[in-house]
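K.L.:
This structure is in structure tokens; I'll ask about it shortly.
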Amino acid sequence: MKRIIPIVIVASALVGTAVSRTLVLKNGSFEDFDPNTGIPISWIEFSNTLVSTDVVADGAVSILADFANGAFAGAFQDTVSVSGNTRVFQRCLALHPSSDPIPPGGAGTPPTAGIKLEFFPPQGIDPAPPEENLAFDANSPVDVWETVSLNTVVPADTTAARVVLISFEETDPNGNPIQPINGPVYVDSVSLSIDGGANALVNPSFESTLSGNWNSFGSGGSGAIRNQFEVPADDGVAVLKIGGDFTAGATQEVSVSAGQTFDLSAKFRSRSTGTPPNGGPYQHPAARAGVKVEWIVGSVPQPNIDIVPNANPISGTTNAIDSTDPTDVWIPLTIDYTMPAGSAALLRATILNGFGTGSGKVYYDSYEMVLTNVFDGSDTDADGDEDLHDMALLQRAYSGSGGGLKFGGLVFDHDEDDDVDDSDVSFTLSRMTGPATP
Ligand SMILES: [Ca+2]
Ligand SMILES: [Ca+2]
Ligand SMILES: [Ca+2]
Ligand SMILES: [Ca+2]
């Protein structure tokens, strides 16, 4: 179970402005490792990417991705799930040695190494339960339009809503329809007002073809279709007809934001003429129809921030090195990415050596990844507090004004000037919370 990071949306961070930070990457200096295997704790390695004492930027070991035979080599760590507008900032040091550097690649694709930020479906951010008003049933009068409405507020973390016009039909234990067979239900004049605005639905009166806006659902021949002439429309000339022996209806998705008022209504009608299931009254005592909303948590951003050429380039981001970079020096790599509005993802941090032809070694050390504007202060272990555990790292990361960033400093460098100095210490100390869970 991944920890859920509660998202507090604050004015977007600007360089030079003090911003709060949460460190979400564990063991980024690779100092904790299994002595029998050389695999660093909290990391999943591939192609024998193990700790090394050959060259080190912080502590006693780095991690070596040896691109020896054209296979990708590296390691990754799944961190936390976040939703839209969260800023993700990664920093890592990489070195390729003059004794076995990244090769130029010859006629083939030049090999590349670097850090990646990969997006997977969010974990632990579950959509809020659906809400519904199924007020139309066998007791509703026939041959007149009845209004069914649902008035609610968009729940937290929600970025989209699926409006559902539905006829809910019970079945017997074998999944067969229950007698008496029901007649269809007709729908017209659907209205969705978000924060009191104009109708947010496309084709709300079914005057146009349904394809591309309303999606029919239902099994066993049940479903929703556009209909004219069977009943007089409430608006225009066409209505939606939901029919068949099983639960069926039509859906349409709209973008929403948490906290917005959500006022949905639609007109429902059944008819006295004809014979079920194609006509006749909506008569089954257990059947009911109405409006429903299913809440949707954000979509996963695409594509990943990768080391392959021209992969989702981000302004201000340098996340890859190749044969043209100097050898035997630690080169800083960064990814500075803000999750798009309406998105959500589990964030995977990856180091990687590969892509292209040839072989070469790359060492990595001092890998940090922070979220900004999630926690007001310096939360070094993503547990939602700033306590003495967090303070213990401040002393280690202190570098003084202009002193550069030591490993562990990224979560404390609130003014983003690449040091941890007295102003960063003041910012941090004034935001002590004590332990969130004693
Ligand atoms: Ca290290
Ligand atoms: Ca209509
Ligand atoms: Ca903490
Ligand atoms: Ca600073």
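Starting from 1 in every chain, residues are counted up; chains themselves are A, B, ... following the order of the structure tokens, and ligands are numbered from 1 as listed.
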Taking only C-alpha atoms and all ligand atoms into account, which residues have an atom no farther than 8 Å from ligand 1? I'd like them as an MDAnalysis selection string.

P.N.:
chainID A and resid 28:31 56:63 365:366

K.L.:
I need the residues from that last selection saved to file as a PDB file, in the first residue's frame (with C-alpha atoms), if you can.

P.N.:
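Output file out-v9.pdb follows:
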ATOM      1  CA  GLY A  28      19.135   7.903  -2.966  1.00  0.00           C
ATOM      2  CA  SER A  29      22.819   7.655  -2.008  1.00  0.00           C
ATOM      3  CA  PHE A  30      22.575   3.840  -2.204  1.00  0.00           C
ATOM      4  CA  GLU A  31      24.352   3.479   1.176  1.00  0.00           C
ATOM      5  CA  VAL A  56      31.693   7.956  -5.044  1.00  0.00           C
ATOM      6  CA  ALA A  57      30.046  11.364  -4.676  1.00  0.00           C
ATOM      7  CA  ASP A  58      28.408  10.828  -1.292  1.00  0.00           C
ATOM      8  CA  GLY A  59      29.079   8.268   1.427  1.00  0.00           C
ATOM      9  CA  ALA A  60      30.895   5.003   0.671  1.00  0.00           C
ATOM     10  CA  VAL A  61      29.216   3.700  -2.488  1.00  0.00           C
ATOM     11  CA  SER A  62      27.569   4.749  -5.730  1.00  0.00           C
ATOM     12  CA  ILE A  63      25.584   2.544  -8.105  1.00  0.00           C
ATOM     13  CA  ASP A 365      24.994   8.864  -6.710  1.00  0.00           C
ATOM     14  CA  SER A 366      23.115  11.464  -4.643  1.00  0.00           C
TER      15      SER A 366
END

K.L.:
Dump as CSV the rows for residues of segment 73-152 of chain A within 6 Å of segment 273-291 of chain A: closest atom pair and distance in Å with one decimal, only C-alpha atoms counted, ordered by chain and rising residue number.

P.N.:
residue,atom,partner,partner_atom,distance
A:Glu132,CA,A:Val291,CA,5.7
A:Asn133,CA,A:Val291,CA,5.5
A:Leu134,CA,A:Gly290,CA,4.1
A:Ala135,CA,A:Gly290,CA,5.9
A:Phe136,CA,A:Ala289,CA,4.9
A:Asp137,CA,A:Arg288,CA,4.5
A:Ala138,CA,A:Gln283,CA,4.6

K.L.:
Export, as a tab-separated table (two decimals), in the first residue's frame, the selected residues with all heavy atoms.

P.N.:
chain	number	residue	atom	x	y	z
A	132	GLU	N	-26.26	8.76	-7.01
A	132	GLU	CA	-27.35	8.56	-7.97
A	132	GLU	C	-28.69	8.97	-7.38
A	132	GLU	O	-28.86	9.05	-6.16
A	132	GLU	CB	-27.41	7.09	-8.41
A	132	GLU	CG	-27.75	6.13	-7.27
A	132	GLU	CD	-27.62	4.67	-7.65
A	132	GLU	OE1	-26.99	4.38	-8.69
A	132	GLU	OE2	-28.15	3.83	-6.91
A	133	ASN	N	-29.60	9.26	-8.27
A	133	ASN	CA	-31.01	9.46	-7.90
A	133	ASN	C	-31.84	8.69	-8.92
A	133	ASN	O	-32.01	9.14	-10.06
A	133	ASN	CB	-31.37	10.94	-7.89
A	133	ASN	CG	-32.83	11.15	-7.54
A	133	ASN	OD1	-33.52	10.21	-7.11
A	133	ASN	ND2	-33.32	12.37	-7.71
A	134	LEU	N	-32.32	7.52	-8.52
A	134	LEU	CA	-33.11	6.66	-9.42
A	134	LEU	C	-34.58	6.77	-9.01
A	134	LEU	O	-35.19	5.81	-8.52
A	134	LEU	CB	-32.61	5.22	-9.35
A	134	LEU	CG	-31.10	5.03	-9.59
A	134	LEU	CD1	-30.72	3.55	-9.56
A	134	LEU	CD2	-30.69	5.66	-10.92
A	135	ALA	N	-35.13	7.93	-9.20
A	135	ALA	CA	-36.47	8.24	-8.68
A	135	ALA	C	-37.59	7.83	-9.62
A	135	ALA	O	-38.76	7.87	-9.25
A	135	ALA	CB	-36.58	9.74	-8.37
A	136	PHE	N	-37.23	7.48	-10.84
A	136	PHE	CA	-38.28	7.13	-11.82
A	136	PHE	C	-38.51	5.63	-11.77
A	136	PHE	O	-37.58	4.84	-11.95
A	136	PHE	CB	-37.85	7.58	-13.22
A	136	PHE	CG	-38.96	7.52	-14.22
A	136	PHE	CD1	-39.79	8.62	-14.44
A	136	PHE	CD2	-39.21	6.36	-14.95
A	136	PHE	CE1	-40.82	8.58	-15.35
A	136	PHE	CE2	-40.25	6.30	-15.87
A	136	PHE	CZ	-41.05	7.41	-16.07
A	137	ASP	N	-39.77	5.19	-11.53
A	137	ASP	CA	-40.05	3.76	-11.42
A	137	ASP	C	-41.48	3.48	-11.86
A	137	ASP	O	-42.15	4.33	-12.45
A	137	ASP	CB	-39.77	3.25	-10.00
A	137	ASP	CG	-40.60	3.97	-8.95
A	137	ASP	OD1	-41.68	4.54	-9.30
A	137	ASP	OD2	-40.19	3.97	-7.77
A	138	ALA	N	-41.96	2.28	-11.53
A	138	ALA	CA	-43.28	1.84	-11.98
A	138	ALA	C	-44.40	2.71	-11.40
A	138	ALA	O	-45.52	2.72	-11.93
A	138	ALA	CB	-43.51	0.38	-11.59

K.L.:
Per residue of chain A within 7 Å of ligand 2, which atom pair is closest and at what distance in Å (one decimal), using only C-alpha atoms and all ligand atoms, listed by chain and increasing number, as JSON lines?

P.N.:
{"residue": "A:Asp188", "atom": "CA", "partner": "ligand 2", "partner_atom_place_in_ligand_line": "1 (Ca)", "distance": 5.2}
{"residue": "A:Ser189", "atom": "CA", "partner": "ligand 2", "partner_atom_place_in_ligand_line": "1 (Ca)", "distance": 6.0}
{"residue": "A:Ser205", "atom": "CA", "partner": "ligand 2", "partner_atom_place_in_ligand_line": "1 (Ca)", "distance": 3.8}
{"residue": "A:Phe206", "atom": "CA", "partner": "ligand 2", "partner_atom_place_in_ligand_line": "1 (Ca)", "distance": 5.0}
{"residue": "A:Glu207", "atom": "CA", "partner": "ligand 2", "partner_atom_place_in_ligand_line": "1 (Ca)", "distance": 5.3}
{"residue": "A:Ala233", "atom": "CA", "partner": "ligand 2", "partner_atom_place_in_ligand_line": "1 (Ca)", "distance": 5.3}
{"residue": "A:Asp234", "atom": "CA", "partner": "ligand 2", "partner_atom_place_in_ligand_line": "1 (Ca)", "distance": 6.0}
{"residue": "A:Asp235", "atom": "CA", "partner": "ligand 2", "partner_atom_place_in_ligand_line": "1 (Ca)", "distance": 4.2}
{"residue": "A:Gly236", "atom": "CA", "partner": "ligand 2", "partner_atom_place_in_ligand_line": "1 (Ca)", "distance": 4.5}
{"residue": "A:Val237", "atom": "CA", "partner": "ligand 2", "partner_atom_place_in_ligand_line": "1 (Ca)", "distance": 5.4}
{"residue": "A:Ala238", "atom": "CA", "partner": "ligand 2", "partner_atom_place_in_ligand_line": "1 (Ca)", "distance": 4.3}
{"residue": "A:Val239", "atom": "CA", "partner": "ligand 2", "partner_atom_place_in_ligand_line": "1 (Ca)", "distance": 4.6}

K.L.:
Compile the contact shell of Asp172 of chain A as an mmCIF file with all heavy atoms, in the first residue's frame: residues with an atom at most 12 Å away, counting only C-alpha atoms, same-chain residues fewer than 3 positions apart removed.

P.N.:
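Saved as result.cif:
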data_model
loop_
_atom_site.group_PDB
_atom_site.id
_atom_site.type_symbol
_atom_site.label_atom_id
_atom_site.label_comp_id
_atom_site.auth_asym_id
_atom_site.auth_seq_id
_atom_site.Cartn_x
_atom_site.Cartn_y
_atom_site.Cartn_z
ATOM 1 N N GLU A 169 -32.298 -2.618 -13.991
ATOM 2 C CA GLU A 169 -33.240 -3.741 -14.037
ATOM 3 C C GLU A 169 -32.694 -4.896 -13.204
ATOM 4 O O GLU A 169 -31.573 -5.352 -13.430
ATOM 5 C CB GLU A 169 -33.416 -4.217 -15.491
ATOM 6 C CG GLU A 169 -33.789 -3.128 -16.464
ATOM 7 C CD GLU A 169 -35.292 -3.023 -16.677
ATOM 8 O OE1 GLU A 169 -36.032 -3.868 -16.134
ATOM 9 O OE2 GLU A 169 -35.719 -2.095 -17.388
ATOM 10 N N GLY A 175 -29.462 -14.712 -13.644
ATOM 11 C CA GLY A 175 -29.149 -13.613 -14.542
ATOM 12 C C GLY A 175 -30.199 -13.383 -15.612
ATOM 13 O O GLY A 175 -29.966 -12.633 -16.565
ATOM 14 N N ASN A 176 -31.364 -13.990 -15.463
ATOM 15 C CA ASN A 176 -32.431 -13.798 -16.448
ATOM 16 C C ASN A 176 -33.370 -12.673 -16.009
ATOM 17 O O ASN A 176 -33.519 -12.409 -14.812
ATOM 18 C CB ASN A 176 -33.237 -15.088 -16.611
ATOM 19 C CG ASN A 176 -32.378 -16.213 -17.160
ATOM 20 O OD1 ASN A 176 -31.613 -16.012 -18.094
ATOM 21 N ND2 ASN A 176 -32.488 -17.387 -16.559
ATOM 22 N N PRO A 177 -34.028 -12.027 -16.968
ATOM 23 C CA PRO A 177 -34.959 -10.948 -16.619
ATOM 24 C C PRO A 177 -36.102 -11.472 -15.756
ATOM 25 O O PRO A 177 -36.518 -12.622 -15.877
ATOM 26 C CB PRO A 177 -35.473 -10.480 -17.986
ATOM 27 C CG PRO A 177 -34.509 -10.999 -18.984
ATOM 28 C CD PRO A 177 -33.904 -12.231 -18.408
ATOM 29 N N ILE A 178 -36.612 -10.610 -14.885
ATOM 30 C CA ILE A 178 -37.730 -10.957 -14.011
ATOM 31 C C ILE A 178 -39.023 -10.463 -14.662
ATOM 32 O O ILE A 178 -39.077 -9.341 -15.178
ATOM 33 C CB ILE A 178 -37.553 -10.300 -12.623
ATOM 34 C CG1 ILE A 178 -36.236 -10.770 -11.983
ATOM 35 C CG2 ILE A 178 -38.718 -10.629 -11.711
ATOM 36 C CD1 ILE A 178 -35.912 -10.065 -10.677
ATOM 37 N N GLN A 179 -40.073 -11.293 -14.616
ATOM 38 C CA GLN A 179 -41.384 -10.884 -15.138
ATOM 39 C C GLN A 179 -42.045 -9.890 -14.157
ATOM 40 O O GLN A 179 -41.807 -9.985 -12.965
ATOM 41 C CB GLN A 179 -42.279 -12.117 -15.329
ATOM 42 C CG GLN A 179 -41.732 -13.140 -16.312
ATOM 43 C CD GLN A 179 -41.649 -12.620 -17.731
ATOM 44 O OE1 GLN A 179 -42.486 -11.820 -18.149
ATOM 45 N NE2 GLN A 179 -40.631 -13.030 -18.465
ATOM 46 N N ASP A 245 -33.996 -5.837 -21.703
ATOM 47 C CA ASP A 245 -34.338 -6.561 -20.479
ATOM 48 C C ASP A 245 -33.345 -6.333 -19.337
ATOM 49 O O ASP A 245 -33.584 -6.772 -18.223
ATOM 50 C CB ASP A 245 -34.384 -8.068 -20.778
ATOM 51 C CG ASP A 245 -35.495 -8.410 -21.760
ATOM 52 O OD1 ASP A 245 -36.437 -7.604 -21.883
ATOM 53 O OD2 ASP A 245 -35.401 -9.479 -22.388
ATOM 54 N N PHE A 246 -32.243 -5.706 -19.642
ATOM 55 C CA PHE A 246 -31.190 -5.602 -18.639
ATOM 56 C C PHE A 246 -30.836 -4.135 -18.375
ATOM 57 O O PHE A 246 -31.224 -3.245 -19.140
ATOM 58 C CB PHE A 246 -29.932 -6.345 -19.105
ATOM 59 C CG PHE A 246 -30.175 -7.811 -19.327
ATOM 60 C CD1 PHE A 246 -30.427 -8.300 -20.602
ATOM 61 C CD2 PHE A 246 -30.178 -8.694 -18.255
ATOM 62 C CE1 PHE A 246 -30.661 -9.652 -20.813
ATOM 63 C CE2 PHE A 246 -30.411 -10.041 -18.464
ATOM 64 C CZ PHE A 246 -30.655 -10.531 -19.731
ATOM 65 N N ALA A 286 -39.454 -3.652 -9.493
ATOM 66 C CA ALA A 286 -38.087 -3.509 -8.986
ATOM 67 C C ALA A 286 -37.220 -2.617 -9.875
ATOM 68 O O ALA A 286 -36.096 -2.287 -9.488
ATOM 69 C CB ALA A 286 -37.435 -4.880 -8.853
#

K.L.:
Taking only C-alpha atoms and all ligand atoms and a cut-off of 12 Å, can you tell me which residues surround ligand 4, written as a ChimeraX atom specification?

P.N.:
/A:15-19,397-406,409-428

K.L.:
Residues contacting ligand 3 - anything with an atom at most 10 Å away, using only C-alpha atoms and all ligand atoms - can you give me those as a ChimeraX atom specification?

P.N.:
/A:22-23,375,377-391,432-436

K.L.:
Next, write the just-selected residues to a file, as a compact mmCIF listing (two decimals), in the first residue's frame, keeping N, CA and C atoms as the atom set.

P.N.:
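Generated output (selection-v7.txt):
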# COMPACT_ATOMS: atom_id res chain seq x y z
N THR A 22 8.85 18.05 0.13
CA THR A 22 8.72 16.70 0.67
C THR A 22 9.64 15.78 -0.12
N LEU A 23 10.51 15.08 0.59
CA LEU A 23 11.42 14.12 -0.07
C LEU A 23 10.72 12.77 -0.17
N PHE A 375 3.79 19.78 1.54
CA PHE A 375 3.90 19.95 3.00
C PHE A 375 4.57 21.29 3.28
N GLY A 377 6.93 23.01 4.93
CA GLY A 377 8.14 22.82 5.73
C GLY A 377 9.06 21.88 5.00
N SER A 378 9.84 21.07 5.76
CA SER A 378 10.78 20.13 5.17
C SER A 378 10.46 18.74 5.70
N ASP A 379 9.78 17.97 4.90
CA ASP A 379 9.40 16.61 5.31
C ASP A 379 10.30 15.64 4.57
N THR A 380 11.30 15.11 5.27
CA THR A 380 12.34 14.31 4.61
C THR A 380 11.94 12.86 4.42
N ASP A 381 10.85 12.44 5.03
CA ASP A 381 10.44 11.03 4.92
C ASP A 381 9.00 10.87 4.48
N ALA A 382 8.41 11.96 3.96
CA ALA A 382 7.06 11.90 3.37
C ALA A 382 6.04 11.29 4.32
N ASP A 383 6.17 11.61 5.62
CA ASP A 383 5.18 11.11 6.56
C ASP A 383 4.28 12.23 7.07
N GLY A 384 4.32 13.37 6.37
CA GLY A 384 3.37 14.44 6.66
C GLY A 384 3.68 15.23 7.92
N ASP A 385 4.93 15.15 8.39
CA ASP A 385 5.30 15.97 9.54
C ASP A 385 6.72 16.50 9.37
N GLU A 386 7.07 17.43 10.24
CA GLU A 386 8.46 17.88 10.33
C GLU A 386 8.84 17.74 11.79
N ASP A 387 9.52 16.63 12.11
CA ASP A 387 9.87 16.35 13.49
C ASP A 387 11.39 16.16 13.61
N LEU A 388 11.84 15.61 14.73
CA LEU A 388 13.29 15.51 14.95
C LEU A 388 13.95 14.54 13.97
N HIS A 389 13.19 13.59 13.44
CA HIS A 389 13.76 12.72 12.40
C HIS A 389 14.16 13.55 11.17
N ASP A 390 13.30 14.51 10.83
CA ASP A 390 13.60 15.37 9.69
C ASP A 390 14.77 16.31 10.01
N MET A 391 14.78 16.80 11.26
CA MET A 391 15.84 17.73 11.67
C MET A 391 17.22 17.10 11.63
N MET A 432 8.44 23.52 12.34
CA MET A 432 8.40 22.26 13.08
C MET A 432 6.97 21.94 13.49
N THR A 433 6.56 20.70 13.26
CA THR A 433 5.22 20.29 13.67
C THR A 433 5.24 19.28 14.80
N GLY A 434 6.40 18.63 15.03
CA GLY A 434 6.40 17.46 15.89
C GLY A 434 5.83 16.28 15.11
N PRO A 435 5.93 15.08 15.68
CA PRO A 435 5.48 13.89 14.95
C PRO A 435 3.98 13.90 14.68
N ALA A 436 3.61 13.52 13.45
CA ALA A 436 2.20 13.45 13.08
C ALA A 436 1.54 12.25 13.76
